[in-house]
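Peer 1: Can you keep this structure in mind? I'll have questions shortly.
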Amino acid sequence: MMTPLKWLYRWIDERVQLDGLVEYIGKKHVPVHRHSVWYYFGGVSLFLFIIQVVTGILLLLYYKGGEELAFESIHFIMSKVQFGWLIRSIHSWAANLFILAAMIHMFSVFFGKAYRKPREVTWLSGMMMFFLALGFGFSGYLLPWNELAFFATKVGTDIAGIVPLVGKPLMIFLRGGEDVTGATLSRFFGFHVAVLPGIFTVFLGIHVLLVQRQGMSEPLTFEEKSERKSMPFFPNFILRDLALWLLVLNLLAILAFFFPWELGKKADPLASAPAGIRPEWYFLYMFQTLKYIPGRLWVFDGEVLDILLFGVAGLLWTLVPFWDRRSSRGEQNRFVNYIGLFVVMYIILFTILGWLA
Amino acid sequence: MTLIIRFVLSGVVAASLVNGTMFAEDNCLACHEASGDKPSALFRNDVHFKKGITCAGCHGGDATQEEMEQAMSKAAGFIGVPKGDRISEVCAQCHSNAAIMLKRYGSILPRNQAELLSTSVHGKLSTTGKTSIAQCTTCHGAHGIVRKVNPASPVYPLNLPKTCAKCHSDATYMHAYDPALPIDQLEKYRTSVHGRRNALGDHKTAECASCHGSHGILSVKDVKSRVYPTNIPSTCATCHSDAQYMRGYGVPSDQLQKFSKSIHGVALLQKKDLGAPACNSCHGNHGATPPGVESISKVCGTCHALNADLFSKSPHKLAFDQKKLPECETCHGYHEIVVGTDKLLGVTPDAVCSWCHGGNPNSKAYLVAKTMRQLIDSLGNSERAATLLVEEAEQKGMEIGEAKFKLRDVHQATLESRTMVHSFNETQFQQVIDKGFKAASVVSDEARLAVEEYYFRRRGLGVATLIITVLAVSLYLFVRRIEREQAKEK
């Protein structure tokens, strides 16, 4: 007697030949070593992204874009909609944890040199997703149309306007005009729920497909060992991943309950900026650097120099698989490790300074 | 241009002092008097003439010369009749000069009069756009200037109101400068206690300069003005808090002391609330007069209109009138009006109702006062309870904005009930109190629901966390079991 589940499997298999895929997954193994724990952060990032999609869709049922309605609709979600407070708080917390998990994932890949040949495209697609995640954060921050978000967006788009040559048109494109207005809110809403998710999904598809096709990267030191340990991807790794996802879900629920995301005061474009305006924590180190760079440095404008420096640094970081030739040849490259350490310490230090400022 | 004129004028005065024309025989006066010239006749009584200053002191020239051409020659510094701002500048040459005033004439007159005048409201440009509104001579006259204490002086306290009124009661003239400024100050002043006594010859009572100052008069809108709302109490207190000065008038001198402690005084003097009353708000300014028994409620009612209206319709109105009790003052006091608390109401010893109605516990008034106090206390308790619940919900991170907003309705009802007390009508009072109870009940219900929701969420979190944790641990144990089986298979 065939169980309903087996019947369903056979029904699909007869049509799309699932057997090959199942066999492939059955053979897939994940390396086990003392740095294996970092593998889980890719999965955690994916889980948090899924949470964002689900909670984002639920919020969409009640959110109303527009200068006059955005703040009120979020207030309505928080006070009147059943579990609205939970969904909105989880969406806000998961957004921050998503970027944190993605950052940890990115640095673990960097220090493990997992970007080396043949995984250059996986790294590039991951970096693209990371930049898109920052875009998600920046655009989503404005959507409640509260005072802090309004002025942070004003400052953020002002900084974008400093970029040489393309700055001014870029700023006008982002704002939908000269100033941050309802037009900015409308287009940020569009970016947040349509443009960015669309592009993100493409890169996510490429990224996951490549990870499945190429398997998990092994550290250089691991390759030298004669006895290699591994575990089956399915069910061992998948189930461990699932257990961790559940713990992250727990963490999200606790954060959402004990630290509900505040709504603040409605934005008033005519009011003066309140004290303590600062961007989200993941932009803080760049914002803080800007404060330390003098207005004029030799022939360069301080702000332009700051943007150019971070732009070049970001580009070099993204292109690491192409200039770190030694790692690609399977050789140790301590220089890259030092760069990575410097970047991590710089981000941590300047983020703390930004918080204390 | 002004500098050049000053330079020339200082040359005139200095030259006069050097060649002695200021104190020498005044041939100008001799000739002009002989020709029946009116200014020279007045100059005989002028304080300057008595101090030995000749015509040349102000007009320049050489008063010792007998020949007119020589006496009035430009070479001798003759400037003729000063016009416009040059008048005050000629006066200031001596009056702003300590060396001349103190050393030569032994005068202790302040030397900043010209400076004060130039910065005062009268120092602004006149409608001609060329000169200031007022010169020294506008108030002091020109050739017959006498000391301020001389009853003939236009600035003698008894004459000053009329002197100021020359311009300030001239509708056409004043309209050119400030159409909004009244022109009936003198008329009102004459109706006031100050004005009446002044007219009777009491030079100690306040006249224009007592409150507005003299040379440095500023607009009432200027915060430095002596009659700016927050400065009025101290201006009035200059005389009214001086017990010695006020002796003989039968007026206490502790008004400022009491007022400063009152709710009005604290609002005006400490919180700088310009809406709060100063002395003139109740007593009037130019027509300053103490409110009588009849008019007190009208004076207070200017701001406290509802209270005054309710009181005038209440049974107390007739009773107070018959007993000649001042309406508001009887219960609230006057200069030292403190914050009106609910303790004023009721039949307890510190309640003002008990002063008249405390004797008979069976009287209707006693029972009404008692009931009203109980009701207002209950509303206060309901408001406090609702506030505490809202605070609790807020502390728990619940969104309670709407209930918090509605809390204002409860407070509004409390304020309304305090006003409604003045009707002394239990039914009307009860209606307002009921409105407050209803609002407090709505707020409390909403806040209680929010607090309950918080506990529901906490329980939900506990259950969800437990289920998820159990699931995660089970998954982990399941993986371990699989791994053990996989190891055995190998």
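Just remember, in the structure tokens the first chain shown is A, the second B, etc., residues are 1-based per chain, and ligands are 1-based in the order shown.
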If we count only C-alpha atoms, what is near segment 221-224 of chain B at a cut-off of 12 Å, once residues fewer than 6 positions away on the same chain are taken out, given as a JSON list (two decimals) with C-alpha atoms, in the first residue's frame?

Peer 2:
```json
[["chain", "number", "residue", "atom", "x", "y", "z"],
["B", 119, "THR", "CA", 17.60, 106.16, 22.47],
["B", 120, "SER", "CA", 14.09, 106.77, 23.81],
["B", 121, "VAL", "CA", 10.85, 106.54, 21.89],
["B", 212, "HIS", "CA", 7.33, 105.97, 32.25],
["B", 213, "GLY", "CA", 10.59, 107.63, 33.24],
["B", 230, "THR", "CA", 6.84, 92.04, 33.71],
["B", 231, "ASN", "CA", 8.36, 95.35, 34.93],
["B", 232, "ILE", "CA", 5.11, 96.96, 36.04],
["B", 235, "THR", "CA", 7.65, 100.13, 38.83],
["B", 272, "LYS", "CA", 7.38, 85.47, 32.25],
["B", 274, "LEU", "CA", 2.72, 88.02, 29.53]]
```

Peer 1: Name all residues at most 10 Å from segment 171-184 of chain B (count only C-alpha atoms; drop same-chain ones fewer than 2 positions away) and give them as a PyMOL selection string.

Peer 2: chain B and resi 125-127+133+165-169+186-189+286-287

Peer 1: Write out as a list in words each polymer residue whose atoms come within 8 Å of segment 276-283 of chain A, counting only C-alpha atoms; drop sequence neighbours fewer than 2 positions from it.

Peer 2: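 In the requested format, the answer is Ile99, Leu134, Leu148, Phe151, Ala152, Gly156, Ala273, Pro274, Tyr285, Met286, Phe287 and Thr351 of chain A.
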
Peer 1: Just need the residues of chain A within 7 Å of chain B, counting only C-alpha atoms, so spit them out as a list in words.

Peer 2: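 Listed by rising number, the hits are Ser79, Asn236, Leu239, Arg240, Ala243, Leu246, Leu247, Asn250, Ala253 and Pro260 of chain A.
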
Peer 1: Restricted to N, CA and C atoms, what would the selected residues look like written as a PDB file, in the first residue's frame?

Peer 2:
```pdb
ATOM      1  N   SER A  79      -1.269  49.454  16.532  1.00  0.00           N
ATOM      2  CA  SER A  79      -2.241  49.545  17.623  1.00  0.00           C
ATOM      3  C   SER A  79      -3.531  48.786  17.381  1.00  0.00           C
ATOM      4  N   ASN A 236      21.578  15.801   7.426  1.00  0.00           N
ATOM      5  CA  ASN A 236      22.326  16.319   8.578  1.00  0.00           C
ATOM      6  C   ASN A 236      22.424  17.846   8.611  1.00  0.00           C
ATOM      7  N   LEU A 239      19.004  19.785   8.575  1.00  0.00           N
ATOM      8  CA  LEU A 239      18.271  19.733   9.849  1.00  0.00           C
ATOM      9  C   LEU A 239      18.960  20.588  10.923  1.00  0.00           C
ATOM     10  N   ARG A 240      20.301  20.581  10.917  1.00  0.00           N
ATOM     11  CA  ARG A 240      21.026  21.460  11.852  1.00  0.00           C
ATOM     12  C   ARG A 240      20.697  22.931  11.534  1.00  0.00           C
ATOM     13  N   ALA A 243      17.330  23.738  12.861  1.00  0.00           N
ATOM     14  CA  ALA A 243      17.341  23.924  14.321  1.00  0.00           C
ATOM     15  C   ALA A 243      17.837  25.322  14.664  1.00  0.00           C
ATOM     16  N   LEU A 246      15.267  27.941  13.940  1.00  0.00           N
ATOM     17  CA  LEU A 246      14.255  28.003  15.007  1.00  0.00           C
ATOM     18  C   LEU A 246      14.750  28.852  16.173  1.00  0.00           C
ATOM     19  N   LEU A 247      16.029  28.704  16.500  1.00  0.00           N
ATOM     20  CA  LEU A 247      16.587  29.506  17.597  1.00  0.00           C
ATOM     21  C   LEU A 247      16.595  30.997  17.225  1.00  0.00           C
ATOM     22  N   ASN A 250      13.232  32.305  17.675  1.00  0.00           N
ATOM     23  CA  ASN A 250      13.027  32.554  19.094  1.00  0.00           C
ATOM     24  C   ASN A 250      13.601  33.915  19.491  1.00  0.00           C
ATOM     25  N   ALA A 253      11.440  36.723  18.269  1.00  0.00           N
ATOM     26  CA  ALA A 253      10.208  36.885  19.053  1.00  0.00           C
ATOM     27  C   ALA A 253      10.522  37.599  20.368  1.00  0.00           C
ATOM     28  N   PRO A 260      10.018  46.401  21.485  1.00  0.00           N
ATOM     29  CA  PRO A 260       9.213  46.691  20.292  1.00  0.00           C
ATOM     30  C   PRO A 260       9.783  47.904  19.549  1.00  0.00           C
TER      31      PRO A 260
END
```

Peer 1: Residues near Leu263 of chain A, anyone? I mean within 12 Å using only C-alpha atoms, not counting same-chain ones fewer than 6 positions away, as a short mmCIF file (atom, residue, chain, number, x, y, z; two decimals) with N, CA and C atoms, in the first residue's frame.

Peer 2:
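Generated file (around.cif):
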```cif
data_model
loop_
_atom_site.label_atom_id
_atom_site.label_comp_id
_atom_site.auth_asym_id
_atom_site.auth_seq_id
_atom_site.Cartn_x
_atom_site.Cartn_y
_atom_site.Cartn_z
N ALA A 70 1.32 57.26 5.45
CA ALA A 70 2.32 56.26 5.83
C ALA A 70 2.42 56.12 7.35
N PHE A 71 2.65 57.23 8.04
CA PHE A 71 2.84 57.18 9.49
C PHE A 71 1.57 56.64 10.16
N GLU A 72 0.44 57.15 9.72
CA GLU A 72 -0.84 56.73 10.33
C GLU A 72 -1.08 55.25 10.11
N SER A 73 -0.73 54.74 8.92
CA SER A 73 -0.98 53.33 8.64
C SER A 73 -0.09 52.44 9.52
N ILE A 74 1.14 52.85 9.75
CA ILE A 74 2.02 52.05 10.63
C ILE A 74 1.47 52.11 12.06
N HIS A 75 0.99 53.29 12.44
CA HIS A 75 0.40 53.42 13.77
C HIS A 75 -0.81 52.49 13.90
N PHE A 76 -1.57 52.44 12.84
CA PHE A 76 -2.75 51.57 12.82
C PHE A 76 -2.31 50.10 12.95
N ILE A 77 -1.28 49.75 12.19
CA ILE A 77 -0.77 48.37 12.24
C ILE A 77 -0.33 48.03 13.67
N MET A 78 0.35 48.97 14.29
CA MET A 78 0.90 48.72 15.64
C MET A 78 -0.17 48.67 16.72
N SER A 79 -1.27 49.45 16.53
CA SER A 79 -2.24 49.55 17.62
C SER A 79 -3.53 48.79 17.38
N TRP A 85 1.65 44.61 15.71
CA TRP A 85 2.85 45.04 16.46
C TRP A 85 3.97 44.02 16.32
N ARG A 88 5.36 43.95 12.62
CA ARG A 88 6.19 45.12 12.31
C ARG A 88 7.52 45.07 13.08
N SER A 89 7.45 44.69 14.34
CA SER A 89 8.68 44.62 15.14
C SER A 89 9.61 43.53 14.60
N SER A 92 11.29 44.79 11.48
CA SER A 92 12.37 45.75 11.76
C SER A 92 13.59 45.05 12.36
N TYR A 141 13.84 52.24 5.87
CA TYR A 141 13.93 53.12 7.04
C TYR A 141 13.00 54.33 6.91
N LEU A 142 12.79 54.79 5.66
CA LEU A 142 11.97 55.99 5.44
C LEU A 142 10.47 55.69 5.49
N LEU A 143 10.12 54.42 5.21
CA LEU A 143 8.69 54.11 4.99
C LEU A 143 7.75 54.49 6.14
N PRO A 144 8.15 54.40 7.42
CA PRO A 144 7.21 54.85 8.46
C PRO A 144 7.00 56.36 8.47
N TRP A 145 7.80 57.09 7.69
CA TRP A 145 7.69 58.56 7.58
C TRP A 145 7.71 59.21 8.95
N ASN A 146 8.65 58.79 9.79
CA ASN A 146 8.80 59.47 11.08
C ASN A 146 9.98 60.43 11.04
N GLU A 147 10.08 61.21 12.10
CA GLU A 147 11.05 62.31 12.15
C GLU A 147 12.49 61.84 11.89
N LEU A 148 12.89 60.79 12.62
CA LEU A 148 14.27 60.29 12.50
C LEU A 148 14.56 59.81 11.09
N ALA A 149 13.60 59.04 10.54
CA ALA A 149 13.78 58.48 9.21
C ALA A 149 13.87 59.59 8.17
N GLY B 397 5.39 49.03 27.19
CA GLY B 397 5.68 49.15 25.75
C GLY B 397 4.45 49.03 24.88
N MET B 398 3.27 49.19 25.47
CA MET B 398 2.06 49.07 24.67
C MET B 398 1.73 50.39 24.00
N GLU B 399 1.12 50.30 22.83
CA GLU B 399 0.71 51.50 22.11
C GLU B 399 -0.61 51.98 22.71
N GLY B 401 -1.53 55.48 22.72
CA GLY B 401 -1.64 56.89 22.33
C GLY B 401 -3.07 57.44 22.41
#
```

Peer 1: What is the atom CA of Pro118 of chain A-atom CA of Thr318 of chain A distance in Å, reported with one decimal?

Peer 2: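 A separation of 15.5 Å between them.
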
Peer 1: Got a sec to tell me which of segment 141-240 of chain A DSSP assigns to alpha helix (DSSP H), as a VMD selection string?

Peer 2: chain A and resid 141 to 142 147 to 160 167 to 175 182 to 190 196 to 214 220 to 224 238 to 240

Peer 1: Limited to C-alpha atoms, could you put the picked residues into a file as an mmCIF file, in the first residue's frame?

Peer 2:
```
data_model
loop_
_atom_site.group_PDB
_atom_site.id
_atom_site.type_symbol
_atom_site.label_atom_id
_atom_site.label_comp_id
_atom_site.auth_asym_id
_atom_site.auth_seq_id
_atom_site.Cartn_x
_atom_site.Cartn_y
_atom_site.Cartn_z
ATOM 1 C CA TYR A 141 13.927 53.121 7.035
ATOM 2 C CA LEU A 142 11.969 55.988 5.438
ATOM 3 C CA GLU A 147 11.047 62.308 12.150
ATOM 4 C CA LEU A 148 14.273 60.293 12.503
ATOM 5 C CA ALA A 149 13.785 58.483 9.208
ATOM 6 C CA PHE A 150 12.964 61.683 7.372
ATOM 7 C CA PHE A 151 16.099 63.511 8.466
ATOM 8 C CA ALA A 152 18.343 60.446 8.161
ATOM 9 C CA THR A 153 17.142 60.082 4.560
ATOM 10 C CA LYS A 154 17.760 63.765 3.986
ATOM 11 C CA VAL A 155 21.335 63.408 5.258
ATOM 12 C CA GLY A 156 21.845 60.106 3.411
ATOM 13 C CA THR A 157 20.666 61.441 0.065
ATOM 14 C CA ASP A 158 22.651 64.635 0.659
ATOM 15 C CA ILE A 159 25.771 62.475 0.936
ATOM 16 C CA ALA A 160 24.824 60.643 -2.253
ATOM 17 C CA GLY A 167 25.974 62.883 -7.454
ATOM 18 C CA LYS A 168 23.438 65.591 -8.188
ATOM 19 C CA PRO A 169 21.369 63.616 -10.734
ATOM 20 C CA LEU A 170 21.582 60.594 -8.417
ATOM 21 C CA MET A 171 20.267 62.622 -5.503
ATOM 22 C CA ILE A 172 17.392 63.996 -7.575
ATOM 23 C CA PHE A 173 16.629 60.498 -8.837
ATOM 24 C CA LEU A 174 16.582 59.103 -5.282
ATOM 25 C CA ARG A 175 14.495 61.954 -3.898
ATOM 26 C CA GLY A 182 6.149 62.503 -0.465
ATOM 27 C CA ALA A 183 7.634 61.758 -3.911
ATOM 28 C CA THR A 184 10.734 60.315 -2.191
ATOM 29 C CA LEU A 185 8.530 58.152 0.003
ATOM 30 C CA SER A 186 6.648 56.839 -3.033
ATOM 31 C CA ARG A 187 9.790 55.840 -4.893
ATOM 32 C CA PHE A 188 11.490 54.408 -1.816
ATOM 33 C CA PHE A 189 8.384 52.300 -1.326
ATOM 34 C CA GLY A 190 8.650 51.178 -4.960
ATOM 35 C CA LEU A 196 15.107 45.594 -4.937
ATOM 36 C CA PRO A 197 13.290 42.298 -4.202
ATOM 37 C CA GLY A 198 13.177 41.554 -7.957
ATOM 38 C CA ILE A 199 16.902 42.086 -8.452
ATOM 39 C CA PHE A 200 17.703 40.408 -5.129
ATOM 40 C CA THR A 201 15.801 37.270 -6.099
ATOM 41 C CA VAL A 202 17.847 36.925 -9.300
ATOM 42 C CA PHE A 203 21.145 37.147 -7.406
ATOM 43 C CA LEU A 204 19.825 34.888 -4.661
ATOM 44 C CA GLY A 205 18.919 32.271 -7.278
ATOM 45 C CA ILE A 206 22.387 32.450 -8.839
ATOM 46 C CA HIS A 207 24.045 32.378 -5.402
ATOM 47 C CA VAL A 208 22.134 29.355 -4.060
ATOM 48 C CA LEU A 209 22.428 27.500 -7.342
ATOM 49 C CA LEU A 210 26.198 28.001 -7.400
ATOM 50 C CA VAL A 211 26.540 26.946 -3.761
ATOM 51 C CA GLN A 212 24.621 23.760 -4.539
ATOM 52 C CA ARG A 213 26.514 23.132 -7.744
ATOM 53 C CA GLN A 214 29.986 23.846 -6.351
ATOM 54 C CA LEU A 220 43.132 26.119 2.500
ATOM 55 C CA THR A 221 44.464 24.402 5.626
ATOM 56 C CA PHE A 222 41.723 21.782 5.328
ATOM 57 C CA GLU A 223 42.820 20.861 1.806
ATOM 58 C CA GLU A 224 46.245 19.933 3.092
ATOM 59 C CA ILE A 238 19.743 20.871 6.523
ATOM 60 C CA LEU A 239 18.271 19.733 9.849
ATOM 61 C CA ARG A 240 21.026 21.460 11.852
#
```

Peer 1: What lies within 9 Å of Cys239 of chain B using only C-alpha atoms, ignoring chain neighbours under 4 positions off, as JSON, numbers by chain?

Peer 2: {"B": [205, 206, 210, 235, 243, 245, 246, 253]}

Peer 1: Please save C-alpha atoms of the selected residues as a compact mmCIF listing (two decimals), in the first residue's frame.

Peer 2:
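Now in out_38.txt:
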```
# COMPACT_ATOMS: atom_id res chain seq x y z
CA THR B 205 1.65 111.07 43.82
CA ALA B 206 2.59 109.41 40.58
CA SER B 210 6.94 108.31 37.78
CA THR B 235 7.65 100.13 38.83
CA ALA B 243 6.47 102.35 53.66
CA TYR B 245 6.91 107.31 51.25
CA MET B 246 3.43 105.86 51.51
CA SER B 253 3.16 98.62 51.35
```

Peer 1: Using atom CA of Asp242 of chain B and atom CA of Glu327 of chain B as the two end points, give the distance in Å to one decimal.

Peer 2: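 So the two atoms, atom CA of Asp242 of chain B and atom CA of Glu327 of chain B, lie 29.3 Å apart.
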
Peer 1: Excluding same-chain residues fewer than 4 positions from segment 100-107 of chain A, what lies within 9 Å of it counting only C-alpha atoms, as a ChimeraX atom specification?

Peer 2: /A:38-42,44-46,48,95-96,111-112,123,126-127,129-130,133,282,340,344

Peer 1: What would the file look like if the residues just selected were written as an mmCIF file, in the first residue's frame with C-alpha atoms?

Peer 2:
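Here's the written file out.cif:
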```cif
data_model
loop_
_atom_site.group_PDB
_atom_site.id
_atom_site.type_symbol
_atom_site.label_atom_id
_atom_site.label_comp_id
_atom_site.auth_asym_id
_atom_site.auth_seq_id
_atom_site.Cartn_x
_atom_site.Cartn_y
_atom_site.Cartn_z
ATOM 1 C CA TRP A 38 30.493 29.866 9.871
ATOM 2 C CA TYR A 39 28.731 27.853 7.148
ATOM 3 C CA TYR A 40 25.483 28.320 9.045
ATOM 4 C CA PHE A 41 25.425 32.107 8.624
ATOM 5 C CA GLY A 42 24.590 31.828 4.938
ATOM 6 C CA VAL A 44 20.635 32.185 8.714
ATOM 7 C CA SER A 45 20.817 35.109 6.260
ATOM 8 C CA LEU A 46 18.526 33.215 3.887
ATOM 9 C CA LEU A 48 16.005 36.100 7.792
ATOM 10 C CA ALA A 95 16.084 43.553 8.842
ATOM 11 C CA ASN A 96 18.894 44.445 11.227
ATOM 12 C CA PHE A 111 38.753 35.066 5.921
ATOM 13 C CA GLY A 112 38.189 31.506 4.635
ATOM 14 C CA TRP A 123 31.262 35.938 -4.087
ATOM 15 C CA GLY A 126 26.837 37.614 -2.567
ATOM 16 C CA MET A 127 28.360 41.084 -2.554
ATOM 17 C CA MET A 129 23.048 40.951 -2.446
ATOM 18 C CA PHE A 130 24.845 42.649 0.424
ATOM 19 C CA ALA A 133 20.430 44.574 1.518
ATOM 20 C CA TYR A 282 25.361 49.587 9.426
ATOM 21 C CA GLY A 340 40.164 41.829 6.625
ATOM 22 C CA VAL A 344 36.519 44.474 10.876
#
```
